[in-house]
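Colleague: Pasting a structure below so you can have a look.
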Amino acid sequence: MTISTRGADKAPAVLVLEDGRSFRGRAYGAVGETFGEAVFSTGMTGYQETLTDPSYHRQVVVMTAPHVGNTGVNDEDAESKRIWVAGYVVRDPARTPSNWRSRRSLDEELVSQGVVGISGIDTRALTRHLRERGAMRVGIFSGNAVQDEGVLLAKVRQAPEMSGADLSAEVATKETYVVPAVGTRKFTVAAIDLGIKGMTPHRMAERGIEVHILPATAGLDEVYAVKPDGVFFSNGPGDPSTADHPVTLMRGVLERGTPLFGICFGNQILGRALGFGTYKLKYGHRGINQPVQDRTTGKVEVTAHNHGFAVDAPLDKVSDTEFGRAEVSHVCLNDQVVEGLQLLDRPAFSVQYHPEAAAGPHDAAYLFDRFVSLMEDQRA
């Protein structure tokens with residue numbers, strides 16, 4: 001990535017997809033060049049949480065909502081210590097942010113963190129293109145980085161693909177840290193950081209859980225050194241088919257019968273640990289308006305998503321696994337993608353979306369209570 005931070009409001013910019021289609025606009029954020037996987041997010045709010053979600057590592061996010069940046073950037077809503085998206089695409093950026101918590105504009109934040117973006121393009125056309133052709137590699141070029149499009153296309157096609165990418169260790173913590181329980185400590189949870197968002201341990205802490213966040217490379221001995229009542233596997237970026245260490249670690253937890261909860265990447269890890277395969281979705285689910293049915297209750301939830309891979313598990317039957325019977329507990333109503341798994345003979349379950357959803361919706365917050373119930377039952 002080559003970056004300059006000057007003249008962003010005037011510099012011409014071009015977005016080039018690996019299939020050769022291009023869009024011309026103006027630089028937004030830092031000026032230079034960047035590469036990643038082009039994906040679109042359908043959320044109309046919560047852009048600050050999206051930008052700082054480690055699951056977006058090495059992805060260029062296209063916002064389908066036309067107006068972005070209206071509420072600026074504050075110091076409270078970040079899900080991690082930095083912006084993780086590789087690039088940012090918006091149609092009409094806000095000229096002036098307006099919110100009582102805003103401390104600076106989104107453009108200023110992108111510049112300060114060196115995130116190359118583009119504005120003023122037809123994001124509807126780009127979204128439809130990605131929906132028809134699928135997520136693909138992309139480059140954004142602005143200022144002096146703009147060259148002949150044939151040269152730029154060659155650069156895009158040299159960029160690494162998301163399939164086969166092992167990325168969780170790149171975004172995870174290097175050292176264990178603790179988020180204390182709010183009020184009386186009722187339980188201790190070991191959380192494996194595969195790209196965890198800050199709101200996740202907070203949601204557990206609200207329920208009296210002391211959360212020990214461990215690196216993605218942690219071993220079984222390190223997990224049980226904190227004497228956990230439960231083990232949590234977080235969201236994260238990359239291809240789950242490469243995540244052999246987390247799968248081995250989870251199998252060790254399942255063998256011990258410790259209550260287990262996984263979200264997003266953690267759902268894919270559970271799928272692999274149970275013997276199911278994973279596959280890459282055509283364009284994935286990203287946004288805060290995805291309909292999911294909890295098949296255990298029949299309830300339909302509006303949920304927050306960010307995933308490009310899914311678990312290949314049968315929807316129409318209970319499966320026999322090494323760890324007992326397993327079934328699909330949640331399913332996406334748009335395309336019947338597996339959105340959750342649960343074991344029937346051991347205390348373990350997972351979902352493919354974000355129940356912590358700081359920007360909303362909060363329909364799925366009950367899943368943290370379900371995790372607490374598993375730990376209560378185990379203790380009893």
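Just remember, in the structure tokens the first chain shown is A, the second B, etc., residues are 1-based per chain, and ligands are 1-based in the order shown.
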Give me, as a PyMOL selection string, all polymer residues having an atom no more than 12 Å from His212 (chain A), counting only C-alpha atoms and skipping those fewer than 2 positions away in the same chain.

Modeller: chain A and resi 173+175-181+187-193+200-202+204-205+209-210+214-215+218+222-233

Colleague: Among the residues of region 262-317 of chain A, find those DSSP assigns to helix (DSSP H, G or I) from the backbone and print them as a PyMOL selection string.

Modeller: chain A and resi 265-273

Colleague: Just the residues within 10 Å of region 249-251 of chain A, please, counting only C-alpha atoms, with nothing from its chain fewer than 6 positions along; format it as JSON, numbers by chain.

Modeller: {"A": [192, 216, 217, 218, 219, 220, 221, 223, 231, 232, 233, 257, 260, 262, 266, 269, 270, 272, 273, 274, 322, 323]}

Colleague: For region 304-317 of chain A, please output as a list in words all residues within 6 Å (counting only C-alpha atoms; exclusion window: fewer than 2 positions along the same chain).

Modeller: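 Residues meeting the cut-off are Gln268, Gly271, Phe276, Gly277, Thr278, Tyr279, Lys280, Leu281, Gly284, His285, Arg286, Gly287, Ile288, Val328, Tyr353 and His354 of chain A.
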
Colleague: Using only C-alpha atoms for the distances, tell me which of A:Thr297, A:Thr52, A:Ser102, A:Ser142 is nearest to Ser119 (chain A).

Modeller: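 So, comparing all the options, the nearest one is A:Ser142.
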
Colleague: Need the shell around Val14 (chain A): protein/DNA/RNA residues with any atom at most 6 Å away, counting only C-alpha atoms. Skip same-chain ones fewer than 5 positions apart. Format as a PyMOL selection string?

Modeller: chain A and resi 23-24+140-141

Colleague: What gap, in Å, lies between CA of Leu130 (chain A) and CA of Asp335 (chain A)?

Modeller: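 Taking CA of Leu130 (chain A) as the start and CA of Asp335 (chain A) as the end point, the length is 16.5 Å.
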
Colleague: Here is a test: counting only C-alpha atoms, which residue of A:Arg21, A:Asn74, A:Arg379, A:Ile83 is nearest to Ser98 (chain A)?

Modeller: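 Under the stated criterion, the closest residue is A:Asn74.
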
Colleague: So that I can see what lies close to Thr34 (chain A), please list as a short mmCIF file (atom, residue, chain, number, x, y, z; two decimals) with C-alpha atoms, in the first residue's frame the residues with an atom at most 7 Å from it, counting only C-alpha atoms and leaving out residues fewer than 5 positions away in the same chain.

Modeller:
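Saved the output as selection_24.cif:
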```cif
data_model
loop_
_atom_site.label_atom_id
_atom_site.label_comp_id
_atom_site.auth_asym_id
_atom_site.auth_seq_id
_atom_site.Cartn_x
_atom_site.Cartn_y
_atom_site.Cartn_z
CA MET A 1 0.00 0.00 0.00
CA ALA A 86 -8.12 -2.40 3.33
CA GLY A 87 -10.12 0.25 1.50
CA VAL A 116 -7.30 4.66 0.89
CA GLY A 139 -7.63 -2.08 -6.23
CA ILE A 140 -8.27 1.58 -5.44
CA PHE A 141 -5.83 4.08 -6.94
#
```

Colleague: Just to confirm, what's the straight-line distance from CA of Ala159 (chain A) to CA of Glu18 (chain A) in Å (one decimal)?

Modeller: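 We find that CA of Ala159 (chain A) and CA of Glu18 (chain A) lie 9.5 Å from each other.
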
Colleague: Excluding Asp239 (chain A) and its own-chain neighbours fewer than 4 positions away, which residues fall within 7 Å of it when counting only C-alpha atoms? Please give them as a compact mmCIF listing (two decimals) with C-alpha atoms, in the first residue's frame.

Modeller:
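Written out: result.txt:
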```
# COMPACT_ATOMS: atom_id res chain seq x y z
CA MET A 162 -9.14 -14.48 0.19
CA SER A 163 -9.52 -18.21 -0.45
CA GLY A 164 -6.69 -19.94 1.37
CA ALA A 165 -5.85 -16.86 3.46
CA ASP A 166 -4.84 -17.57 7.09
```

Colleague: Just the strand (DSSP E or B) stuff from region 64-297 of chain A, please, per backbone DSSP, written as a ChimeraX atom specification.

Modeller: /A:67-68,73,85,87-89,92-93,104,116-119,136-142,177-179,187-192,209-214,230-233,260-263,277-294
